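Undergrad: Before I ask anything, let me first share the structure, which is written out below as structure tokens.
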Amino acid sequence: MSGGMEYIAPPVVRRVLCADCGTPIEPNSANLCIACLRNTVDITEGIPKQSTVNFCRNCDRYLSPPATWTIAEHESRELLAICLKKLKGLSKVRLIDAGFIWTEPHSKRIRVKLTIQKEVFTSTIIQQIFEVEYVVVHGQCPDCTKLAAKNTWKAMVQVRQKVNHKRTFLYLEQLILKHNAHKDTISIKEAKDGLDFFYAQRSHAIKMVEFLSAVVPVRTKSSEQLLSTDTHSGTSSYKFTYSVEIIPICKDDLVCIPPKQARSLSNIQSLTVCSRVGNSLHLMDPQTLQVVDITSPVYWRTPFDSLATASETVEFLILDIEPSGPKRGKYVLSDAQITPINSSVGGQASEWVGDGQGQDAIFHTRTHLGSILQPGDTALGYFLTKANFNNNAFDTLDPSQLPDIVLVKKTYPNRRKKVRTRNWRLKSIAKEAEDPSAGGHGRGALGRMGGVDQAKVERDYEMFLRELEEDPELRGNVNLYKADDAPAKKPAADEMDVDDGTEDEEEPDFPDVQLDELLNDFEDMSISGEAEGAQ
């Protein structure tokens, strides 16, 4: 054709007949069609169609070959990777796709659908889909096997505080629960002045020590004990012990700082009140609102004890109060007129309020609680006029410069006269405390030694619950859960105030625990409970 494009004929496709079925096909090295080729060659040969997967029921982990135990959810990517590692011949083919086939979660069977490709002859690739069934074999991982035996811990954390109450550990237990810091703990045992935490690995114990250092002021010591040594490989086995000592000063304690150390701490007055305890001590001078933070290294360089604790406070009635000084946060410096009430936490008011200075005596003092207290309120404080302290730092102070009374916190006696059922509860680390038949919630790893110690822990626990009710800032660091509809436990005689028969109105500013502060305890929910709710 002139002036146009030249026609080029397409190449002729030559076909041959399949050697088995006679179907016309394009020529290949086997001279077989795809259907006959699949019947002749099985590319899944060498890949097992059944296998097993090891599962530890104690820690919910699967064995990932060769010796790693991994947490994996049902039909998750992690579990699929473990299943594929169990197939030995899978490396000889090309894996195109893999996925789970649904099975009952309790059937102990896992079915996996695989799509693979393989070149069987020159330029001849076959793709095939097949199914592998895994049987879940229950057993114990090495860590759980050690836990089943006694005294197989590898690291221990000893937490101690040398005080005469357990409220610090009750609060520390709630911090551990909120941050889930006990997830790697093997067991917890009560010891004198504290708790012992046991771990299967040293790294878990170090993590616990770091957590304690972040929430409370501590000092730490470590030691190790040689268990065995292999002279051929040069490896040794040790047991590690970490000693953690908490500073023996708690919130609302009266503290007398040694004069030399007080001058180095911003020249603060020696007589202070512990306003807060975090990873450092927060001390406040109630006469000037001056605040100083004492870190753990500074404290342990020259340690000192509390001058008086919360159990030695006395109740005072506020007759009049008037702001007279600066403000610092929620604290306002004020002058107050107060008189002692014939009751106290320690039950020693009759000894302290004597010598013609009984309930009719009026004292003038300066306090930092000006924004919290109102005339007619009741407050707890330290009666320095009738106190006798055996403290060298306190003896060096000028008696004419000391206040008669130091107020530390507001109290709510009318509220305490009525026995009320709390609509909230606390969780506990110890499983024994979560069992209602074992004595109720909230004792944790403390107070299981029985006898006098049990009654003392009950009193400390009741005081700790009162502190949570009266301090919204403290409640913010703790998880509170909605309480079950159970009858309230009758408090002991020393845990409640005695009702004198008069009808007193409750304090209107009592910081009640609000419903939006409570969490639902989803761990207590069961299938039977949901079925009953559906009915």
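Note on naming: chains are A, B, ... as they come in the structure tokens, residues start from 1 per chain, ligands start from 1 in the order shown.
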Residues of region 69-175 of chain A in strand (DSSP E) according to DSSP, as a PyMOL selection string?

TA: chain A and resi 69-71+94-101+109-121+124-139+155-160

Undergrad: Would you mind exporting the chosen residues as a compact mmCIF listing (two decimals), in the first residue's frame, restricted to C-alpha atoms?

TA:
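Listing of selection_23.txt after writing:
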```
# COMPACT_ATOMS: atom_id res chain seq x y z
CA TRP A 69 7.39 -17.22 75.00
CA THR A 70 5.22 -14.45 73.51
CA ILE A 71 1.86 -12.98 74.50
CA ARG A 94 6.97 -18.69 48.07
CA LEU A 95 4.27 -17.66 50.54
CA ILE A 96 1.62 -15.48 48.90
CA ASP A 97 -1.08 -15.20 51.57
CA ALA A 98 -1.94 -16.57 55.02
CA GLY A 99 -4.98 -16.14 57.25
CA PHE A 100 -7.05 -17.76 59.97
CA ILE A 101 -10.16 -19.87 59.43
CA ARG A 109 -7.80 -25.98 67.36
CA ILE A 110 -6.29 -23.28 65.14
CA ARG A 111 -6.85 -23.50 61.36
CA VAL A 112 -4.68 -21.50 58.97
CA LYS A 113 -5.30 -21.06 55.22
CA LEU A 114 -2.09 -20.72 53.14
CA THR A 115 -1.50 -19.71 49.49
CA ILE A 116 1.92 -20.69 48.07
CA GLN A 117 3.75 -20.69 44.70
CA LYS A 118 6.57 -22.83 43.39
CA GLU A 119 8.40 -23.30 40.09
CA VAL A 120 8.15 -26.97 39.20
CA PHE A 121 9.64 -26.92 35.68
CA THR A 124 6.29 -23.24 34.97
CA ILE A 125 4.94 -21.84 38.25
CA ILE A 126 2.09 -23.44 40.18
CA GLN A 127 -0.01 -21.70 42.84
CA GLN A 128 -1.85 -23.80 45.39
CA ILE A 129 -4.13 -23.16 48.40
CA PHE A 130 -4.18 -25.56 51.35
CA GLU A 131 -5.06 -25.67 55.04
CA VAL A 132 -2.98 -26.45 58.13
CA GLU A 133 -4.54 -27.40 61.46
CA TYR A 134 -2.76 -26.69 64.75
CA VAL A 135 -3.56 -28.38 68.07
CA VAL A 136 -3.10 -26.14 71.13
CA VAL A 137 -1.12 -28.07 73.73
CA HIS A 138 -1.39 -26.70 77.27
CA GLY A 139 1.65 -26.69 79.49
CA ALA A 155 15.44 -10.84 92.81
CA MET A 156 13.76 -9.33 95.86
CA VAL A 157 12.83 -5.75 96.77
CA GLN A 158 12.58 -5.04 100.52
CA VAL A 159 10.54 -1.89 101.23
CA ARG A 160 10.76 -0.54 104.78
```

Undergrad: Determine, counting only C-alpha atoms, which protein, DNA and RNA residues have an atom within 9 Å of an atom of region 395-400 of chain A; residues of the same chain fewer than 3 positions away are not included. Present the result as a list in words.

TA: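 The neighbour list is Pro258, Pro259, Ser270, Leu271, Phe389, Asn390, Asn391, Asn392 and Pro403 of chain A.
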
Undergrad: Would you put the residues from that selection into a file with N, CA and C atoms, as a tab-separated table (two decimals), in the first residue's frame?

TA:
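Output contents, as saved in part.tsv:
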```tsv
chain	number	residue	atom	x	y	z
A	258	PRO	N	17.00	20.37	112.42
A	258	PRO	CA	18.16	20.89	113.16
A	258	PRO	C	18.53	22.29	112.68
A	259	PRO	N	18.85	23.21	113.61
A	259	PRO	CA	19.09	24.63	113.23
A	259	PRO	C	20.13	24.81	112.13
A	270	SER	N	12.94	26.24	112.21
A	270	SER	CA	13.14	24.82	112.51
A	270	SER	C	11.83	24.07	112.68
A	271	LEU	N	10.80	24.70	113.28
A	271	LEU	CA	9.54	24.03	113.55
A	271	LEU	C	8.64	24.15	112.32
A	389	PHE	N	8.77	16.71	124.53
A	389	PHE	CA	9.49	16.09	123.42
A	389	PHE	C	10.92	15.78	123.84
A	390	ASN	N	11.37	14.61	123.48
A	390	ASN	CA	12.75	14.21	123.72
A	390	ASN	C	13.52	14.35	122.41
A	391	ASN	N	13.86	15.60	122.10
A	391	ASN	CA	14.49	15.90	120.83
A	391	ASN	C	15.53	16.99	121.05
A	392	ASN	N	16.77	16.71	120.63
A	392	ASN	CA	17.85	17.67	120.86
A	392	ASN	C	17.66	18.95	120.06
A	403	PRO	N	5.02	28.63	119.19
A	403	PRO	CA	3.57	28.80	119.35
A	403	PRO	C	3.01	27.80	120.36
```

Undergrad: Would you tabulate, counting only C-alpha atoms, all residues of region 367-422 of chain A that have an atom at most 9 Å from an atom of region 278-288 of chain A, showing the closest pair of atoms and their distance in Å to one decimal, sorted by chain then ascending number, as a Markdown table?

TA:
```
| residue | atom | partner | partner_atom | distance |
| --- | --- | --- | --- | --- |
| A:Thr367 | CA | A:Pro286 | CA | 5.5 |
| A:His368 | CA | A:Pro286 | CA | 5.2 |
| A:Leu369 | CA | A:Pro286 | CA | 8.6 |
| A:Pro403 | CA | A:Gln287 | CA | 8.7 |
| A:Val406 | CA | A:Pro286 | CA | 7.5 |
| A:Leu407 | CA | A:Pro286 | CA | 8.3 |
| A:Val408 | CA | A:Pro286 | CA | 8.7 |
```

Undergrad: Which is closer to Gly376 (chain A) than all the others in A:Ile43, A:Val332, A:Ile321, A:Ala393, using only C-alpha atoms?

TA: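 Nearest candidate to Gly376 (chain A) out of A:Ile43, A:Val332, A:Ile321, A:Ala393: A:Ile321.
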
Undergrad: When you draw a straight line from CA of Val93 (chain A) to CA of Val16 (chain A), how long is it in Å?

TA: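 We find that CA of Val93 (chain A) and CA of Val16 (chain A) lie 29.1 Å from each other.
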
Undergrad: Write out as a list in words which residues come within 10 Å of Arg14 (chain A) when counting only C-alpha atoms, dropping same-chain ones fewer than 6 positions away.

TA: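 The contact residues come out as Pro24, Ile25, Glu26 and Pro27 of chain A.
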
Undergrad: Which polymer residues have any atom within 9 Å of an atom of region 181-186 of chain A, counting only C-alpha atoms, with same-chain residues fewer than 5 positions away left out, as a list in words?

TA: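 Everything that qualifies: Leu147, Trp153, Leu175, Ile176, Phe197, Phe198, Tyr199, Ala200, Gln201, His204, Ala205, Lys207, Met208, Phe211 and Ile429 of chain A.
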
Undergrad: Just all heavy atoms for this one: save the residues we selected as a compact mmCIF listing (two decimals), in the first residue's frame.

TA:
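result_17.txt written:
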```txt
# COMPACT_ATOMS: atom_id res chain seq x y z
N LEU A 147 7.75 -20.61 89.24
CA LEU A 147 6.80 -20.04 90.19
C LEU A 147 6.04 -21.13 90.94
O LEU A 147 5.64 -20.94 92.08
CB LEU A 147 5.80 -19.12 89.48
CG LEU A 147 6.39 -17.91 88.77
CD1 LEU A 147 5.28 -17.06 88.20
CD2 LEU A 147 7.22 -17.08 89.72
N TRP A 153 12.68 -17.42 93.53
CA TRP A 153 12.83 -16.05 93.08
C TRP A 153 14.29 -15.75 92.80
O TRP A 153 15.20 -16.35 93.39
CB TRP A 153 12.28 -15.08 94.13
CG TRP A 153 12.86 -15.26 95.51
CD1 TRP A 153 12.42 -16.07 96.49
CD2 TRP A 153 14.03 -14.59 96.03
NE1 TRP A 153 13.22 -15.96 97.60
CE2 TRP A 153 14.21 -15.07 97.35
CE3 TRP A 153 14.91 -13.65 95.53
CZ2 TRP A 153 15.25 -14.62 98.15
CZ3 TRP A 153 15.95 -13.22 96.32
CH2 TRP A 153 16.10 -13.70 97.63
N LEU A 175 -0.99 3.27 94.76
CA LEU A 175 -0.18 3.80 93.66
C LEU A 175 0.34 2.67 92.77
O LEU A 175 0.36 2.80 91.54
CB LEU A 175 1.00 4.60 94.22
CG LEU A 175 0.69 5.94 94.89
CD1 LEU A 175 1.97 6.57 95.41
CD2 LEU A 175 0.00 6.88 93.92
N ILE A 176 0.73 1.57 93.38
CA ILE A 176 1.21 0.42 92.60
C ILE A 176 0.10 -0.13 91.74
O ILE A 176 0.29 -0.48 90.57
CB ILE A 176 1.78 -0.65 93.55
CG1 ILE A 176 3.07 -0.15 94.22
CG2 ILE A 176 2.06 -1.95 92.79
CD1 ILE A 176 3.60 -1.07 95.29
N PHE A 197 8.85 -7.77 97.99
CA PHE A 197 8.37 -8.10 96.65
C PHE A 197 9.38 -9.06 96.01
O PHE A 197 10.59 -8.78 96.00
CB PHE A 197 8.24 -6.84 95.79
CG PHE A 197 7.23 -5.86 96.31
CD1 PHE A 197 7.58 -4.92 97.28
CD2 PHE A 197 5.93 -5.86 95.82
CE1 PHE A 197 6.65 -4.00 97.74
CE2 PHE A 197 5.00 -4.95 96.29
CZ PHE A 197 5.36 -4.03 97.25
N PHE A 198 8.88 -10.16 95.44
CA PHE A 198 9.74 -11.18 94.84
C PHE A 198 9.53 -11.20 93.33
O PHE A 198 8.39 -11.08 92.84
CB PHE A 198 9.43 -12.56 95.43
CG PHE A 198 9.70 -12.65 96.91
CD1 PHE A 198 8.70 -12.36 97.82
CD2 PHE A 198 10.94 -13.00 97.39
CE1 PHE A 198 8.93 -12.43 99.18
CE2 PHE A 198 11.19 -13.08 98.74
CZ PHE A 198 10.19 -12.80 99.64
N TYR A 199 10.65 -11.37 92.58
CA TYR A 199 10.62 -11.33 91.12
C TYR A 199 11.44 -12.48 90.55
O TYR A 199 12.39 -12.96 91.17
CB TYR A 199 11.17 -10.00 90.60
CG TYR A 199 10.35 -8.81 91.03
CD1 TYR A 199 10.64 -8.13 92.22
CD2 TYR A 199 9.28 -8.37 90.27
CE1 TYR A 199 9.89 -7.04 92.61
CE2 TYR A 199 8.53 -7.28 90.66
CZ TYR A 199 8.84 -6.63 91.83
OH TYR A 199 8.08 -5.55 92.25
N ALA A 200 11.06 -12.89 89.32
CA ALA A 200 11.78 -13.96 88.64
C ALA A 200 12.98 -13.44 87.86
O ALA A 200 13.86 -14.21 87.50
CB ALA A 200 10.84 -14.72 87.70
N GLN A 201 13.01 -12.14 87.56
CA GLN A 201 14.10 -11.56 86.81
C GLN A 201 14.61 -10.30 87.52
O GLN A 201 13.83 -9.58 88.17
CB GLN A 201 13.67 -11.20 85.38
CG GLN A 201 13.23 -12.39 84.55
CD GLN A 201 12.85 -11.98 83.14
OE1 GLN A 201 13.21 -10.91 82.67
NE2 GLN A 201 12.10 -12.85 82.47
N HIS A 204 13.03 -6.87 86.40
CA HIS A 204 11.73 -6.52 86.97
C HIS A 204 11.90 -5.86 88.33
O HIS A 204 11.17 -4.91 88.67
CB HIS A 204 10.87 -7.77 87.09
CG HIS A 204 10.53 -8.39 85.77
ND1 HIS A 204 10.08 -9.70 85.64
CD2 HIS A 204 10.60 -7.90 84.50
CE1 HIS A 204 9.87 -9.97 84.37
NE2 HIS A 204 10.19 -8.90 83.66
N ALA A 205 12.84 -6.34 89.12
CA ALA A 205 13.09 -5.74 90.43
C ALA A 205 13.65 -4.32 90.28
O ALA A 205 13.28 -3.41 91.03
CB ALA A 205 14.04 -6.61 91.24
N LYS A 207 13.05 -2.31 87.85
CA LYS A 207 11.95 -1.46 87.42
C LYS A 207 11.08 -1.05 88.61
O LYS A 207 10.60 0.08 88.69
CB LYS A 207 11.11 -2.21 86.37
CG LYS A 207 10.05 -1.36 85.71
CD LYS A 207 9.20 -2.18 84.75
CE LYS A 207 10.04 -2.80 83.66
NZ LYS A 207 9.19 -3.54 82.69
N MET A 208 10.89 -1.97 89.57
CA MET A 208 10.10 -1.65 90.76
C MET A 208 10.81 -0.62 91.63
O MET A 208 10.18 0.30 92.17
CB MET A 208 9.85 -2.93 91.55
CG MET A 208 8.94 -2.74 92.76
SD MET A 208 7.30 -2.20 92.27
CE MET A 208 6.44 -2.25 93.84
N PHE A 211 10.35 2.72 90.12
CA PHE A 211 9.00 3.25 90.35
C PHE A 211 8.87 3.81 91.77
O PHE A 211 8.31 4.90 91.96
CB PHE A 211 7.98 2.13 90.13
CG PHE A 211 6.59 2.50 90.57
CD1 PHE A 211 5.79 3.31 89.79
CD2 PHE A 211 6.08 2.04 91.78
CE1 PHE A 211 4.51 3.66 90.19
CE2 PHE A 211 4.81 2.38 92.19
CZ PHE A 211 4.02 3.20 91.39
N ILE A 429 -3.66 -5.56 96.25
CA ILE A 429 -2.71 -6.41 95.54
C ILE A 429 -2.94 -7.87 95.89
O ILE A 429 -2.91 -8.75 95.03
CB ILE A 429 -1.27 -5.99 95.89
CG1 ILE A 429 -0.98 -4.58 95.38
CG2 ILE A 429 -0.26 -6.97 95.32
CD1 ILE A 429 0.37 -4.06 95.77
```

Undergrad: Please compute the CA of Ser213 (chain A)-CA of Ser243 (chain A) distance, one decimal, in Å.

TA: 11.9 Å

Undergrad: Find the residues near region 236-239 of chain A: any atom within 9 Å, counting only C-alpha atoms, skip ones fewer than 5 places away on the same chain, and give them as a list in words.

TA: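 Neighbouring residues, sequence-local ones excluded: Trp153, Lys154, Ala155, Met156, Arg202, Ser223, Glu224, Gln225, Leu226, Leu227, Ser228, Thr229, Asp230 and Thr231 of chain A.
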
Undergrad: Quote the spacing between CA of Thr152 (chain A) and CA of Gly234 (chain A) in Å to one decimal place.

TA: 22.1 Å

Undergrad: Determine, counting only C-alpha atoms, which protein, DNA and RNA residues have an atom within 9 Å of an atom of Lys221 (chain A); residues of the same chain fewer than 3 positions away are not included. Present the result as number ranges by chain.

TA: A: 241-245

Undergrad: Give me every helix (DSSP H, G or I) residue in region 3-176 of chain A, going by DSSP on the backbone, as a PyMOL selection string.

TA: chain A and resi 34-40+77-85+88-92+142-148+167-176

Undergrad: I'd like the neighbourhood of Ile82 (chain A) as an MDAnalysis selection string, where a residue qualifies if any of its atoms comes within 12 Å (using only C-alpha atoms), though same-chain residues fewer than 3 positions away should be ignored.

TA: chainID A and resid 51:55 61:79 85:87 110 112 134

Undergrad: Go ahead and save the residues from that selection, with N, CA, C and O atoms, as a compact mmCIF listing (two decimals), in the first residue's frame.

TA:
```txt
# COMPACT_ATOMS: atom_id res chain seq x y z
N SER A 51 0.05 -29.66 62.99
CA SER A 51 1.15 -29.29 63.88
C SER A 51 0.59 -28.95 65.26
O SER A 51 -0.64 -29.02 65.47
N THR A 52 1.47 -28.61 66.16
CA THR A 52 1.06 -28.27 67.53
C THR A 52 1.60 -26.89 67.90
O THR A 52 2.64 -26.45 67.39
N VAL A 53 0.90 -26.23 68.82
CA VAL A 53 1.31 -24.94 69.37
C VAL A 53 1.25 -25.04 70.88
O VAL A 53 0.22 -25.44 71.44
N ASN A 54 2.35 -24.71 71.55
CA ASN A 54 2.42 -24.79 73.01
C ASN A 54 1.89 -23.50 73.63
O ASN A 54 2.27 -22.40 73.22
N PHE A 55 1.01 -23.66 74.63
CA PHE A 55 0.35 -22.52 75.27
C PHE A 55 0.45 -22.69 76.79
O PHE A 55 0.18 -23.77 77.32
N ARG A 61 0.75 -17.19 77.39
CA ARG A 61 1.78 -16.96 76.37
C ARG A 61 1.94 -18.20 75.51
O ARG A 61 1.71 -19.33 75.95
N TYR A 62 2.35 -17.97 74.24
CA TYR A 62 2.62 -19.06 73.30
C TYR A 62 4.12 -19.20 73.10
O TYR A 62 4.87 -18.23 73.19
N LEU A 63 4.53 -20.43 72.80
CA LEU A 63 5.95 -20.70 72.54
C LEU A 63 6.27 -20.33 71.11
O LEU A 63 5.73 -20.90 70.16
N SER A 64 7.18 -19.35 70.97
CA SER A 64 7.65 -18.95 69.65
C SER A 64 9.02 -19.59 69.45
O SER A 64 9.97 -19.26 70.17
N PRO A 65 9.15 -20.52 68.50
CA PRO A 65 10.40 -21.27 68.35
C PRO A 65 11.58 -20.32 68.16
O PRO A 65 11.44 -19.26 67.52
N PRO A 66 12.73 -20.66 68.75
CA PRO A 66 12.99 -21.93 69.45
C PRO A 66 12.65 -21.93 70.95
O PRO A 66 12.25 -22.95 71.47
N ALA A 67 12.81 -20.80 71.64
CA ALA A 67 12.64 -20.85 73.10
C ALA A 67 12.06 -19.56 73.66
O ALA A 67 12.24 -19.27 74.83
N THR A 68 11.35 -18.81 72.84
CA THR A 68 10.78 -17.54 73.29
C THR A 68 9.28 -17.70 73.52
O THR A 68 8.58 -18.27 72.69
N TRP A 69 8.82 -17.18 74.67
CA TRP A 69 7.39 -17.22 75.00
C TRP A 69 6.82 -15.83 74.79
O TRP A 69 7.30 -14.85 75.36
N THR A 70 5.77 -15.73 73.94
CA THR A 70 5.22 -14.45 73.51
C THR A 70 3.73 -14.38 73.84
O THR A 70 3.00 -15.36 73.68
N ILE A 71 3.29 -13.21 74.27
CA ILE A 71 1.86 -12.98 74.50
C ILE A 71 1.19 -12.69 73.16
O ILE A 71 1.62 -11.81 72.42
N ALA A 72 0.15 -13.44 72.81
CA ALA A 72 -0.54 -13.27 71.53
C ALA A 72 -2.03 -13.50 71.73
O ALA A 72 -2.43 -14.47 72.39
N GLU A 73 -2.84 -12.60 71.18
CA GLU A 73 -4.29 -12.76 71.24
C GLU A 73 -4.75 -13.79 70.22
O GLU A 73 -4.03 -14.14 69.29
N HIS A 74 -6.00 -14.24 70.38
CA HIS A 74 -6.57 -15.22 69.46
C HIS A 74 -6.75 -14.58 68.08
O HIS A 74 -7.28 -13.48 67.94
N GLU A 75 -6.23 -15.28 67.03
CA GLU A 75 -6.29 -14.83 65.63
C GLU A 75 -5.61 -13.47 65.44
O GLU A 75 -6.08 -12.61 64.70
N SER A 76 -4.49 -13.28 66.10
CA SER A 76 -3.73 -12.05 65.96
C SER A 76 -2.54 -12.27 65.02
O SER A 76 -2.21 -13.40 64.64
N ARG A 77 -1.89 -11.18 64.63
CA ARG A 77 -0.73 -11.29 63.74
C ARG A 77 0.43 -11.99 64.45
O ARG A 77 1.20 -12.72 63.80
N GLU A 78 0.55 -11.76 65.76
CA GLU A 78 1.62 -12.42 66.51
C GLU A 78 1.42 -13.93 66.52
O GLU A 78 2.38 -14.70 66.36
N LEU A 79 0.16 -14.37 66.71
CA LEU A 79 -0.11 -15.81 66.72
C LEU A 79 0.09 -16.41 65.33
O LEU A 79 0.57 -17.56 65.20
N LYS A 85 6.07 -20.17 61.87
CA LYS A 85 7.40 -20.65 62.25
C LYS A 85 7.42 -22.16 62.52
O LYS A 85 8.47 -22.79 62.43
N LYS A 86 6.25 -22.72 62.84
CA LYS A 86 6.20 -24.16 63.13
C LYS A 86 6.26 -25.01 61.88
O LYS A 86 6.47 -26.22 61.97
N LEU A 87 6.06 -24.42 60.68
CA LEU A 87 6.08 -25.17 59.42
C LEU A 87 7.50 -25.18 58.87
O LEU A 87 8.03 -24.15 58.45
N ILE A 110 -6.55 -24.49 65.90
CA ILE A 110 -6.29 -23.28 65.14
C ILE A 110 -6.10 -23.71 63.69
O ILE A 110 -5.23 -24.54 63.38
N VAL A 112 -5.33 -22.56 59.74
CA VAL A 112 -4.68 -21.50 58.97
C VAL A 112 -4.76 -21.86 57.49
O VAL A 112 -4.45 -22.99 57.10
N TYR A 134 -3.65 -26.67 63.59
CA TYR A 134 -2.76 -26.69 64.75
C TYR A 134 -3.57 -27.11 65.98
O TYR A 134 -4.70 -26.65 66.18
```
